file query-v6.cif (mmCIF, C-alpha atoms and all ligand atoms)
data_work
loop_
_atom_site.label_atom_id
_atom_site.label_comp_id
_atom_site.auth_asym_id
_atom_site.auth_seq_id
_atom_site.Cartn_x
_atom_site.Cartn_y
_atom_site.Cartn_z
CA MET K 1 10.94 -20.43 -31.31
CA ASP K 2 8.46 -20.15 -28.39
CA LYS K 3 8.21 -16.85 -26.57
CA SER K 4 10.90 -15.97 -24.04
CA TYR K 5 11.16 -13.03 -21.64
CA TYR K 6 13.61 -11.43 -19.24
CA CYS K 7 13.35 -8.85 -16.47
CA PRO K 8 16.58 -6.95 -15.69
CA LYS K 9 15.31 -5.86 -12.26
CA LEU K 10 14.65 -9.43 -11.21
CA GLU K 11 18.22 -10.41 -12.06
CA LYS K 12 19.98 -7.64 -10.19
CA THR K 13 17.82 -6.41 -7.27
CA LEU K 14 17.05 -7.33 -3.68
CA ASN K 15 14.60 -5.09 -1.86
CA PHE K 16 14.52 -5.55 1.92
CA LEU K 17 11.01 -4.79 3.20
CA PRO K 18 9.70 -5.10 6.77
CA GLN K 19 8.06 -8.51 6.28
CA GLU K 20 9.39 -9.66 2.93
CA ILE K 21 12.36 -9.60 0.57
CA LYS K 22 11.38 -8.71 -2.97
CA TYR K 23 13.25 -8.67 -6.28
CA CYS K 24 12.24 -5.26 -7.53
CA CYS K 25 10.16 -2.39 -6.20
CA SER K 26 7.91 -2.28 -3.15
CA CYS K 27 4.52 -2.72 -4.82
CA ALA K 28 2.24 -5.22 -3.16
CA THR K 29 2.05 -7.14 -6.42
CA CYS K 30 5.79 -7.77 -6.96
CA PRO K 31 7.16 -11.22 -6.24
CA GLY K 32 9.20 -11.90 -3.11
CA VAL K 33 9.82 -14.20 -0.17
CA VAL K 34 8.01 -13.64 3.14
CA ILE K 35 10.31 -13.58 6.19
CA LYS K 36 9.28 -16.31 8.59
CA ASP K 37 12.20 -16.13 11.01
CA SER K 38 13.81 -12.72 11.59
CA LYS K 39 17.06 -14.45 12.66
CA ASN K 40 17.28 -16.51 9.47
CA LEU K 41 16.50 -14.76 6.20
CA GLU K 42 16.61 -18.02 4.22
CA LYS K 43 19.14 -17.05 1.58
CA GLU K 44 18.70 -20.38 -0.27
CA LYS K 45 14.96 -19.85 -0.61
CA ILE K 46 15.42 -16.26 -1.81
CA ILE K 47 17.94 -17.28 -4.47
CA LYS K 48 16.00 -20.40 -5.46
CA THR K 49 12.77 -18.44 -5.92
CA LYS K 50 14.61 -15.84 -8.00
CA LYS K 51 16.08 -18.56 -10.23
CA GLN K 52 12.65 -20.14 -10.64
CA LEU K 53 11.15 -16.79 -11.70
CA ILE K 54 13.99 -16.19 -14.21
CA GLU K 55 13.43 -19.72 -15.61
CA MET K 56 9.69 -19.10 -15.94
CA PHE K 57 10.34 -15.91 -17.92
CA LYS K 58 12.87 -17.73 -20.09
CA ASN K 59 10.31 -20.43 -20.83
CA GLY K 60 7.70 -17.87 -21.83
CA ILE K 61 5.64 -18.01 -18.63
CA ILE K 62 4.88 -14.68 -16.95
CA PRO K 63 4.78 -15.27 -13.17
CA THR K 64 1.34 -14.34 -11.78
CA LYS K 65 2.70 -11.47 -9.67
CA CYS K 66 4.54 -9.96 -12.67
CA ARG K 67 1.52 -9.82 -14.98
CA GLY K 68 0.84 -6.29 -16.14
CA CYS K 69 4.31 -5.05 -15.10
CA THR K 70 6.08 -2.87 -17.68
CA GLU K 71 9.61 -4.01 -16.77
CA TYR K 72 9.92 -7.38 -18.45
CA ARG K 73 10.75 -7.68 -22.15
CA GLU K 74 10.20 -10.30 -24.75
CA ILE K 75 13.39 -11.71 -26.23
CA LYS K 76 12.59 -12.08 -29.91
CA GLU K 77 14.59 -14.57 -31.93
CA GLU K 78 15.68 -11.98 -34.49
CA ASN K 79 16.97 -9.64 -31.78
CA SER K 80 18.02 -12.14 -29.10
CA ASN K 81 21.72 -11.50 -29.85
CA PHE K 82 21.11 -7.78 -29.69
CA ILE K 83 19.26 -8.12 -26.35
CA LYS K 84 22.06 -10.29 -24.95
CA LYS K 85 24.56 -7.62 -25.99
CA LEU K 86 22.37 -4.94 -24.41
CA ILE K 87 22.13 -6.88 -21.14
CA GLY K 88 25.90 -7.34 -21.29
CA PHE K 89 26.34 -3.60 -21.75
CA PHE K 90 24.20 -2.62 -18.77
CA TYR K 91 25.19 -5.47 -16.47
CA PRO K 92 28.67 -6.36 -17.68
CA LYS K 93 29.86 -9.92 -17.11
CA GLU K 94 28.11 -10.30 -13.77
CA THR K 95 24.51 -10.37 -15.04
CA LYS K 96 23.41 -13.01 -12.57
CA LYS K 97 24.87 -11.22 -9.56
CA ILE K 98 23.07 -8.68 -7.42
CA SER K 99 23.99 -5.08 -8.16
CA HIS K 100 21.15 -3.20 -6.46
CA LEU K 101 20.24 -3.48 -2.79
CA ILE K 102 17.25 -1.46 -1.57
CA MET K 103 17.07 -1.02 2.19
CA ASN K 104 13.44 -0.54 3.10
CA HIS K 105 13.07 -2.79 6.15
CA TYR K 106 13.27 0.01 8.73
CA LYS K 107 10.22 2.24 9.03
CA GLN K 108 10.86 4.30 12.13
CA CYS K 109 11.08 8.04 11.66
CA GLU K 110 11.35 11.31 13.60
CA CYS K 111 8.84 13.13 11.36
CA LYS K 112 5.17 12.63 10.68
CA CYS K 113 4.91 14.16 7.21
CA ILE K 114 1.32 14.83 6.25
CA TYR K 115 1.88 13.30 2.80
CA CYS K 116 3.85 10.21 3.83
CA THR K 117 2.35 6.94 2.67
CA GLU K 118 4.22 5.11 5.44
CA ILE K 119 2.43 7.25 8.04
CA ILE K 120 -0.88 6.95 6.25
CA ASN K 121 -0.54 3.16 6.17
CA HIS K 122 0.69 3.10 9.80
CA ASN K 123 3.88 1.38 8.74
CA LEU K 124 6.29 3.20 11.01
CA LYS K 125 6.71 0.24 13.31
CA LYS K 126 9.69 -1.28 15.08
CA GLN K 127 12.27 -2.91 12.81
CA ASN K 128 11.57 -6.62 12.46
CA TYR K 129 15.03 -7.92 11.46
CA ASN K 130 18.60 -6.98 10.55
CA ALA K 131 19.62 -7.17 6.90
CA LEU K 132 23.37 -7.32 7.55
CA PRO K 133 23.69 -11.10 8.16
CA LEU K 134 22.19 -11.80 4.70
CA ILE K 135 24.32 -9.10 3.04
CA LYS K 136 27.46 -10.63 4.60
CA GLN K 137 26.44 -14.06 3.37
CA LEU K 138 25.87 -12.75 -0.15
CA PHE K 139 29.34 -11.17 -0.16
CA GLU K 140 30.96 -14.34 1.22
CA GLU K 141 29.30 -16.45 -1.45
CA LYS K 142 30.30 -14.00 -4.20
CA MET K 143 26.72 -13.30 -5.18
CA ILE K 144 27.18 -9.54 -5.30
CA ASP K 145 28.61 -7.62 -8.22
CA LYS K 146 30.81 -5.48 -5.96
CA LYS K 147 32.05 -3.13 -8.65
CA ASN K 148 28.61 -2.16 -9.90
CA LEU K 149 26.72 -2.38 -6.63
CA THR K 150 24.43 0.48 -5.62
CA VAL K 151 22.89 0.43 -2.17
CA GLU K 152 19.85 2.61 -1.66
CA PHE K 153 18.58 3.46 1.83
CA GLN K 154 14.92 4.44 1.63
CA GLY K 155 13.11 3.71 4.92
CA GLY K 156 11.76 5.14 7.39
CA ASN K 157 14.68 7.29 8.34
CA VAL K 158 18.22 5.98 8.25
CA SER K 159 19.20 7.89 11.41
CA LEU K 160 17.12 5.32 13.32
CA LEU K 161 18.50 2.26 11.55
CA THR K 162 20.75 0.72 14.20
CA GLU K 163 22.76 -1.39 11.73
CA PHE K 164 23.40 1.56 9.37
CA GLU K 165 27.07 2.05 10.27
CA ASP K 166 27.73 -1.72 10.30
CA ILE K 167 26.25 -2.05 6.81
CA LEU K 168 28.49 0.79 5.59
CA GLU K 169 31.48 -0.94 7.21
CA GLU K 170 30.68 -4.18 5.35
CA LEU K 171 30.24 -2.31 2.05
CA SER K 172 33.47 -0.41 2.60
CA LYS K 173 35.32 -3.67 3.39
CA ASN K 174 34.09 -5.00 0.06
CA LYS K 175 35.12 -1.82 -1.74
CA CYS K 176 31.58 -0.92 -2.77
CA LYS K 177 31.25 2.71 -3.63
CA ASN K 178 27.75 3.84 -4.55
CA ILE K 179 25.39 4.73 -1.76
CA ILE K 180 22.07 6.56 -2.10
CA ILE K 181 20.29 7.80 1.03
CA LEU K 182 16.83 9.34 1.28
CA THR K 183 16.55 11.18 4.58
CA ASN K 184 14.60 13.87 6.36
CA GLY K 185 17.84 15.57 7.45
CA VAL K 186 16.63 16.00 11.03
CA GLN K 187 19.73 14.25 12.36
CA TYR K 188 23.27 14.52 11.08
CA LEU K 189 24.69 11.18 9.93
CA PRO K 190 28.23 10.84 11.38
CA ALA K 191 28.60 7.47 9.62
CA VAL K 192 28.34 9.24 6.27
CA GLU K 193 31.17 11.56 7.31
CA LYS K 194 33.19 8.54 8.51
CA TYR K 195 32.96 6.71 5.17
CA ALA K 196 32.83 9.70 2.81
CA SER K 197 36.52 9.34 1.93
CA LYS K 198 35.93 5.74 0.79
CA MET K 199 32.53 5.88 -0.86
CA ASN K 200 30.36 8.15 -2.97
CA PHE K 201 27.21 9.24 -1.22
CA ARG K 202 24.16 10.69 -2.92
CA LEU K 203 21.84 12.11 -0.27
CA CYS K 204 18.36 13.44 -0.85
CA ILE K 205 16.66 15.49 1.87
CA SER K 206 12.92 16.06 1.53
CA LEU K 207 12.67 19.66 2.71
CA ASP K 208 9.37 20.50 0.95
CA SER K 209 9.30 24.04 2.30
CA GLY K 210 11.09 27.37 2.42
CA THR K 211 9.97 28.60 5.83
CA LYS K 212 9.92 27.20 9.34
CA GLU K 213 6.13 27.56 9.65
CA THR K 214 5.37 25.51 6.58
CA PHE K 215 8.08 22.98 7.44
CA ASN K 216 6.44 22.44 10.85
CA LYS K 217 3.04 22.09 9.26
CA ILE K 218 4.22 19.48 6.75
CA LYS K 219 6.79 17.48 8.69
CA ARG K 220 5.02 17.85 12.03
CA ILE K 221 8.29 18.25 13.96
CA ASP K 222 9.96 21.47 15.08
CA ALA K 223 13.32 20.79 13.41
CA PHE K 224 13.66 23.27 10.54
CA ASP K 225 16.81 24.95 11.93
CA LYS K 226 18.43 21.58 12.62
CA VAL K 227 17.79 20.46 9.04
CA ILE K 228 19.24 23.69 7.62
CA ASP K 229 22.29 23.20 9.83
CA ASN K 230 22.70 19.60 8.65
CA ILE K 231 22.35 20.66 5.01
CA LYS K 232 25.38 22.95 5.58
CA LYS K 233 27.33 20.13 7.26
CA PHE K 234 26.61 17.64 4.48
CA THR K 235 27.57 20.08 1.73
CA SER K 236 30.94 20.61 3.37
CA LEU K 237 31.82 16.91 2.95
CA GLN K 238 33.74 15.58 0.00
CA ASN K 239 32.17 12.74 -2.01
CA VAL K 240 28.72 13.72 -0.77
CA GLU K 241 26.26 15.01 -3.35
CA LEU K 242 23.13 16.50 -1.87
CA THR K 243 19.73 16.98 -3.48
CA LEU K 244 16.98 18.97 -1.78
CA LYS K 245 13.52 17.77 -2.62
CA TYR K 246 10.26 19.67 -2.81
CA ILE K 247 6.96 17.83 -3.05
CA THR K 248 4.20 20.12 -4.28
CA LEU K 249 1.35 19.93 -1.79
CA ASN K 250 -1.83 21.41 -3.10
CA GLY K 251 -2.88 24.38 -0.91
CA ILE K 252 0.04 24.00 1.52
CA ASN K 253 3.42 24.82 -0.03
CA ASP K 254 2.35 25.69 -3.60
CA ASN K 255 2.91 29.41 -3.27
CA ILE K 256 5.62 31.75 -4.48
CA ASN K 257 6.72 32.78 -0.98
CA GLU K 258 7.50 29.19 -0.04
CA ILE K 259 9.24 28.41 -3.34
CA LYS K 260 11.36 31.58 -3.03
CA GLY K 261 12.29 30.65 0.55
CA PHE K 262 13.32 27.18 -0.63
CA LEU K 263 15.41 28.57 -3.50
CA ASN K 264 17.09 30.97 -1.06
CA ILE K 265 18.12 28.03 1.11
CA VAL K 266 19.59 26.46 -2.01
CA LYS K 267 21.47 29.66 -2.79
CA GLU K 268 22.83 29.86 0.76
CA THR K 269 24.62 26.55 0.20
CA GLU K 270 26.55 28.44 -2.53
CA ASN K 271 24.65 26.29 -4.99
CA LYS K 272 26.35 23.12 -3.78
CA VAL K 273 23.07 21.21 -3.90
CA ALA K 274 20.85 19.98 -6.70
CA VAL K 275 17.08 20.30 -6.44
CA ALA K 276 14.27 17.92 -7.34
CA PHE K 277 10.61 18.82 -7.57
CA ASP K 278 7.86 16.26 -7.43
CA ILE K 279 4.12 15.98 -7.22
CA ASP K 280 2.35 14.57 -4.15
CA TYR K 281 1.90 10.91 -5.15
CA ARG K 282 -1.47 10.89 -3.44
CA ASP K 283 -2.65 13.13 -6.29
CA THR K 284 -1.76 10.35 -8.73
CA PHE K 285 -3.34 7.42 -6.88
CA LEU K 286 -6.45 7.54 -9.02
CA THR K 287 -9.02 5.06 -10.10
CA PRO K 288 -9.22 4.66 -13.91
CA GLY K 289 -11.21 7.51 -15.42
CA ASP K 290 -10.39 9.92 -12.56
CA LYS K 291 -8.18 12.97 -13.04
CA PHE K 292 -6.08 15.18 -10.83
CA ILE K 293 -6.58 18.69 -12.24
CA ALA K 294 -3.48 20.73 -11.43
CA PRO K 295 -4.10 24.25 -10.14
CA GLU K 296 -3.31 26.85 -12.82
CA HIS K 297 -0.60 28.51 -10.73
CA TYR K 298 1.60 25.37 -10.67
CA LYS K 299 2.91 26.48 -14.09
CA GLU K 300 3.89 29.94 -12.79
CA LEU K 301 5.66 28.41 -9.78
CA TYR K 302 7.77 26.11 -11.89
CA LYS K 303 8.57 28.83 -14.38
CA GLU K 304 10.06 30.70 -11.43
CA VAL K 305 12.00 27.59 -10.39
CA GLU K 306 13.38 27.00 -13.88
CA GLU K 307 14.45 30.61 -14.35
CA PHE K 308 16.10 30.75 -10.93
CA CYS K 309 17.96 27.48 -11.45
CA LYS K 310 19.16 28.45 -14.92
CA GLU K 311 20.30 31.91 -13.75
CA ASN K 312 22.14 30.45 -10.76
CA ASN K 313 23.49 27.38 -12.48
CA ILE K 314 21.68 25.00 -10.16
CA LEU K 315 21.07 21.47 -11.28
CA TYR K 316 17.33 20.83 -11.10
CA THR K 317 15.00 17.96 -11.91
CA ILE K 318 11.28 18.01 -12.34
CA GLN K 319 10.10 14.43 -11.83
CA PRO K 320 8.13 12.80 -14.69
CA GLN K 321 4.69 12.87 -13.05
CA LEU K 322 5.00 16.56 -12.19
CA LYS K 323 6.24 17.21 -15.74
CA THR K 324 3.09 15.54 -17.10
CA VAL K 325 0.92 17.69 -14.85
CA LEU K 326 2.70 20.87 -15.93
CA LYS K 327 2.43 19.95 -19.59
CA LYS K 328 -1.16 18.69 -19.71
CA GLY K 329 -2.64 20.54 -16.74
CA TYR K 330 -3.89 17.28 -15.27
CA TYR K 331 -2.83 13.77 -14.33
CA GLU K 332 -4.88 10.71 -15.10
CA GLN K 333 -4.47 7.02 -14.65
CA SER K 334 -3.29 5.48 -17.92
C1 LIG S 401 9.11 7.36 2.72
S1 LIG S 401 10.48 8.42 2.51
C2 LIG S 401 11.74 7.70 3.48
C3 LIG S 401 13.06 8.45 3.46
C4 LIG S 401 13.14 9.69 4.30
N1 LIG S 401 12.48 9.57 5.54
C5 LIG S 401 12.64 10.92 3.53
O1 LIG S 401 11.61 11.45 3.86
O2 LIG S 401 13.32 11.28 2.59
C6 LIG S 401 11.05 8.01 0.90
C7 LIG S 401 10.74 9.02 -0.15
O3 LIG S 401 9.35 9.00 -0.39
C8 LIG S 401 8.94 10.30 -0.69
N2 LIG S 401 7.50 10.40 -0.45
C9 LIG S 401 6.79 9.95 0.61
N3 LIG S 401 5.48 10.23 0.47
C10 LIG S 401 5.35 10.89 -0.72
C11 LIG S 401 4.25 11.47 -1.42
N4 LIG S 401 3.01 11.43 -0.95
N5 LIG S 401 4.50 12.04 -2.61
C12 LIG S 401 5.75 12.10 -3.13
N6 LIG S 401 6.84 11.56 -2.50
C13 LIG S 401 6.64 10.98 -1.31
C14 LIG S 401 9.78 11.16 0.26
O4 LIG S 401 9.90 12.48 -0.20
C15 LIG S 401 11.11 10.45 0.23
O5 LIG S 401 11.97 10.97 -0.77
S1 LIG S 402 8.55 -8.17 -14.10
FE1 LIG S 402 8.07 -6.46 -12.78
S2 LIG S 402 7.12 -7.34 -10.96
FE2 LIG S 402 8.20 -8.99 -12.05
S3 LIG S 402 10.22 -9.06 -11.12
FE3 LIG S 402 10.36 -7.74 -12.89
S4 LIG S 402 10.05 -5.68 -12.11
FE4 LIG S 402 9.31 -7.11 -10.56
S1 LIG S 403 10.53 11.88 6.86
FE1 LIG S 403 10.25 10.33 5.30
S2 LIG S 403 9.58 8.45 6.35
FE2 LIG S 403 9.46 10.15 7.80
S3 LIG S 403 7.33 10.75 7.74
FE3 LIG S 403 8.44 12.04 6.28
S4 LIG S 403 8.39 11.02 4.28
FE4 LIG S 403 7.74 9.55 5.89
#
call {"tool": "encode", "arguments": {"input": "query-v6.cif", "output": "structure tokens"}}
result
Amino acid sequence: MDKSYYCPKLEKTLNFLPQEIKYCCSCATCPGVVIKDSKNLEKEKIIKTKKQLIEMFKNGIIPTKCRGCTEYREIKEENSNFIKKLIGFFYPKETKKISHLIMNHYKQCECKCIYCTEIINHNLKKQNYNALPLIKQLFEEKMIDKKNLTVEFQGGNVSLLTEFEDILEELSKNKCKNIIILTNGVQYLPAVEKYASKMNFRLCISLDSGTKETFNKIKRIDAFDKVIDNIKKFTSLQNVELTLKYITLNGINDNINEIKGFLNIVKETENKVAVAFDIDYRDTFLTPGDKFIAPEHYKELYKEVEEFCKENNILYTIQPQLKTVLKKGYYEQS
């Protein structure tokens, strides 16, 4: 049998970007369809292109934009039944339907975080189109796996997405339950409160600091107290899980005082939040052969974090790239 491939992301994802709709992540190299008319998102073209890409994989041709990607797999004859079963397990029955919507088409934001790639790339522009008409169409034409659907709001900041509540209304009408929101927490989200009895929300607030001074320096907005207040409001809601995020910024928030302040904020929520620690991605955007050498004290800081979280029963995650840095002492482009 000739070679055959499949990509699970391609089958299940739509990623709404400012100028394009893609089938997986937001990398410049991933395949997608450019939006020509913001009033007509050309559903037929989006679905047709997706089908063509799936067919190419099936026929052993790796689409140009997918070359080098680690997501697609070869379906080998001897394990094709096993792979089919595996796909069936992860994407039961509705394999061909969409079960992951990523909302990334809005780029406006209240903050100007010093580390934010959107700011650095000057992306925080006015929203070009509304995604809701296409989402409605996909529901009407039964192209969404309602039961397994996860909708992830990335952005920009969702507080400035004018169609946010209308999208939640449409999802609620279709009995979709899983919503992920990345937000700066500067504004409370009444729409989350409104739908919290019908849906499960996972919110992640990038706090990145433990004191007002450092918050102001990083986020470049004087809103620390407002964010702390909103953290309290969100943790009082049912069906809302909240994670507080801390990006380690070399020479800015990588000190014990800041980490202790952050962990105190966590404790003040009566440990109702989870925490996630990450590295500044800019430290990992390296050319082959280059290395980011992690400062020695990173290890001490995260020892403190781990001990605190274990003692206080706080769910914590150290993201893979930070884990690598803590383990090896450096990060390099593989
Ligand atoms: C661009 S933000 C948009 C959502 C929201 N405004 C926020 O800040 O959470 C999406 C995610 O990217 C993360 N992010 C942005 N720049 C980063 C960087 N240089 N390193 C690590 N994470 C970064 C933020 O922490 C956030 O979780
Ligand atoms: S193979 Fe990679 S680039 Fe291509 S659709 Fe799948 S995830 Fe996207
Ligand atoms: S809050 Fe989010 S989108 Fe806004 S500047 Fe910071 S990281 Fe970027």
call {"tool": "closest_atom_pairs", "arguments": {"input": "query-v6.cif", "of": "chain K", "to": "ligand LIG 403 (chain S)", "cutoff": "7 Å", "atoms": "all atoms listed in the file", "output": "Markdown table"}}
result
| residue | atom | partner | partner_atom | distance |
| --- | --- | --- | --- | --- |
| K:Lys107 | CA | S:LIG403 | S2 | 6.8 |
| K:Cys109 | CA | S:LIG403 | FE2 | 4.7 |
| K:Glu110 | CA | S:LIG403 | FE2 | 6.2 |
| K:Cys111 | CA | S:LIG403 | S3 | 4.6 |
| K:Lys112 | CA | S:LIG403 | S3 | 4.1 |
| K:Cys113 | CA | S:LIG403 | S3 | 4.2 |
| K:Cys116 | CA | S:LIG403 | FE4 | 4.5 |
| K:Thr117 | CA | S:LIG403 | FE4 | 6.8 |
| K:Glu118 | CA | S:LIG403 | FE4 | 5.7 |
| K:Ile119 | CA | S:LIG403 | S3 | 6.0 |
| K:Gly155 | CA | S:LIG403 | S2 | 6.1 |
| K:Gly156 | CA | S:LIG403 | S2 | 4.1 |
| K:Asn157 | CA | S:LIG403 | S2 | 5.6 |
| K:Thr183 | CA | S:LIG403 | FE1 | 6.4 |
| K:Asn184 | CA | S:LIG403 | S1 | 4.6 |
| K:Lys219 | CA | S:LIG403 | FE3 | 6.2 |
call {"tool": "write_last_selection", "arguments": {"input": "query-v6.cif", "atoms": "C-alpha atoms", "output": "compact mmCIF listing (two decimals), in the frame of the given file"}}
result
# COMPACT_ATOMS: atom_id res chain seq x y z
CA LYS K 107 10.22 2.24 9.03
CA CYS K 109 11.08 8.04 11.66
CA GLU K 110 11.35 11.31 13.60
CA CYS K 111 8.84 13.13 11.36
CA LYS K 112 5.17 12.63 10.68
CA CYS K 113 4.91 14.16 7.21
CA CYS K 116 3.85 10.21 3.83
CA THR K 117 2.35 6.94 2.67
CA GLU K 118 4.22 5.11 5.44
CA ILE K 119 2.43 7.25 8.04
CA GLY K 155 13.11 3.71 4.92
CA GLY K 156 11.76 5.14 7.39
CA ASN K 157 14.68 7.29 8.34
CA THR K 183 16.55 11.18 4.58
CA ASN K 184 14.60 13.87 6.36
CA LYS K 219 6.79 17.48 8.69
call {"tool": "atom_distance", "arguments": {"input": "query-v6.cif", "atom1": "CA of Lys267 (chain K)", "atom2": "CA of Thr317 (chain K)"}}
result
16.2 Å
call {"tool": "atom_distance", "arguments": {"input": "query-v6.cif", "atom1": "CA of Ile279 (chain K)", "atom2": "CA of Thr248 (chain K)"}}
result
5.1 Å
call {"tool": "atom_distance", "arguments": {"input": "query-v6.cif", "atom1": "CA of Lys22 (chain K)", "atom2": "CA of Phe153 (chain K)"}}
result
14.9 Å
call {"tool": "axis_aligned_box", "arguments": {"input": "query-v6.cif", "around": "region 215-230 of chain K", "padding_each_side": "5 Å", "output": "JSON"}}
result
{"center_x": 12.9, "center_y": 21.2, "center_z": 10.9, "size_x": 29.7, "size_y": 17.5, "size_z": 18.3}
call {"tool": "residues_near_ligand", "arguments": {"input": "query-v6.cif", "ligand": "ligand LIG 402 (chain S)", "cutoff": "6 Å", "atoms": "all atoms listed in the file", "output": "list in words"}}
result
Cys7, Lys9, Leu10, Tyr23, Cys24, Cys30, Cys66, Cys69, Glu71 and Tyr72 of chain K
call {"tool": "decode", "arguments": {"input": "query-v6.cif", "residues": "region 20-35 of chain K", "atoms": "N, CA and C atoms", "output": "PDB file, in the first residue's frame"}}
result
ATOM      1  N   GLU K  20      -7.524  35.624   8.253  1.00  0.00           N
ATOM      2  CA  GLU K  20      -7.505  34.284   7.681  1.00  0.00           C
ATOM      3  C   GLU K  20      -8.212  33.304   8.610  1.00  0.00           C
ATOM      4  N   ILE K  21      -8.740  32.224   8.061  1.00  0.00           N
ATOM      5  CA  ILE K  21      -9.251  31.146   8.916  1.00  0.00           C
ATOM      6  C   ILE K  21      -8.395  29.924   8.651  1.00  0.00           C
ATOM      7  N   LYS K  22      -7.777  29.435   9.737  1.00  0.00           N
ATOM      8  CA  LYS K  22      -6.850  28.315   9.589  1.00  0.00           C
ATOM      9  C   LYS K  22      -7.456  27.052  10.179  1.00  0.00           C
ATOM     10  N   TYR K  23      -6.763  25.922   9.987  1.00  0.00           N
ATOM     11  CA  TYR K  23      -7.289  24.640  10.467  1.00  0.00           C
ATOM     12  C   TYR K  23      -6.564  24.125  11.691  1.00  0.00           C
ATOM     13  N   CYS K  24      -5.607  24.892  12.178  1.00  0.00           N
ATOM     14  CA  CYS K  24      -4.881  24.388  13.350  1.00  0.00           C
ATOM     15  C   CYS K  24      -4.394  25.580  14.147  1.00  0.00           C
ATOM     16  N   CYS K  25      -3.095  25.705  14.363  1.00  0.00           N
ATOM     17  CA  CYS K  25      -2.625  26.790  15.227  1.00  0.00           C
ATOM     18  C   CYS K  25      -2.488  28.088  14.430  1.00  0.00           C
ATOM     19  N   SER K  26      -1.761  29.043  15.000  1.00  0.00           N
ATOM     20  CA  SER K  26      -1.707  30.361  14.367  1.00  0.00           C
ATOM     21  C   SER K  26      -0.409  30.625  13.616  1.00  0.00           C
ATOM     22  N   CYS K  27       0.435  29.580  13.474  1.00  0.00           N
ATOM     23  CA  CYS K  27       1.727  29.808  12.834  1.00  0.00           C
ATOM     24  C   CYS K  27       1.529  30.273  11.393  1.00  0.00           C
ATOM     25  N   ALA K  28       2.441  31.104  10.959  1.00  0.00           N
ATOM     26  CA  ALA K  28       2.355  31.647   9.606  1.00  0.00           C
ATOM     27  C   ALA K  28       2.333  30.521   8.579  1.00  0.00           C
ATOM     28  N   THR K  29       2.939  29.395   8.916  1.00  0.00           N
ATOM     29  CA  THR K  29       3.089  28.335   7.920  1.00  0.00           C
ATOM     30  C   THR K  29       1.877  27.406   7.808  1.00  0.00           C
ATOM     31  N   CYS K  30       0.930  27.472   8.739  1.00  0.00           N
ATOM     32  CA  CYS K  30      -0.203  26.527   8.692  1.00  0.00           C
ATOM     33  C   CYS K  30      -1.190  26.892   7.589  1.00  0.00           C
ATOM     34  N   PRO K  31      -1.835  25.867   7.012  1.00  0.00           N
ATOM     35  CA  PRO K  31      -2.752  26.171   5.914  1.00  0.00           C
ATOM     36  C   PRO K  31      -4.041  26.835   6.385  1.00  0.00           C
ATOM     37  N   GLY K  32      -4.624  27.649   5.516  1.00  0.00           N
ATOM     38  CA  GLY K  32      -5.882  28.316   5.843  1.00  0.00           C
ATOM     39  C   GLY K  32      -6.457  28.999   4.625  1.00  0.00           C
ATOM     40  N   VAL K  33      -7.544  29.736   4.859  1.00  0.00           N
ATOM     41  CA  VAL K  33      -8.199  30.461   3.760  1.00  0.00           C
ATOM     42  C   VAL K  33      -8.211  31.945   4.111  1.00  0.00           C
ATOM     43  N   VAL K  34      -7.671  32.771   3.234  1.00  0.00           N
ATOM     44  CA  VAL K  34      -7.621  34.223   3.468  1.00  0.00           C
ATOM     45  C   VAL K  34      -9.028  34.802   3.318  1.00  0.00           C
ATOM     46  N   ILE K  35      -9.384  35.723   4.236  1.00  0.00           N
ATOM     47  CA  ILE K  35     -10.708  36.343   4.177  1.00  0.00           C
ATOM     48  C   ILE K  35     -10.673  37.499   3.178  1.00  0.00           C
TER      49      ILE K  35
END
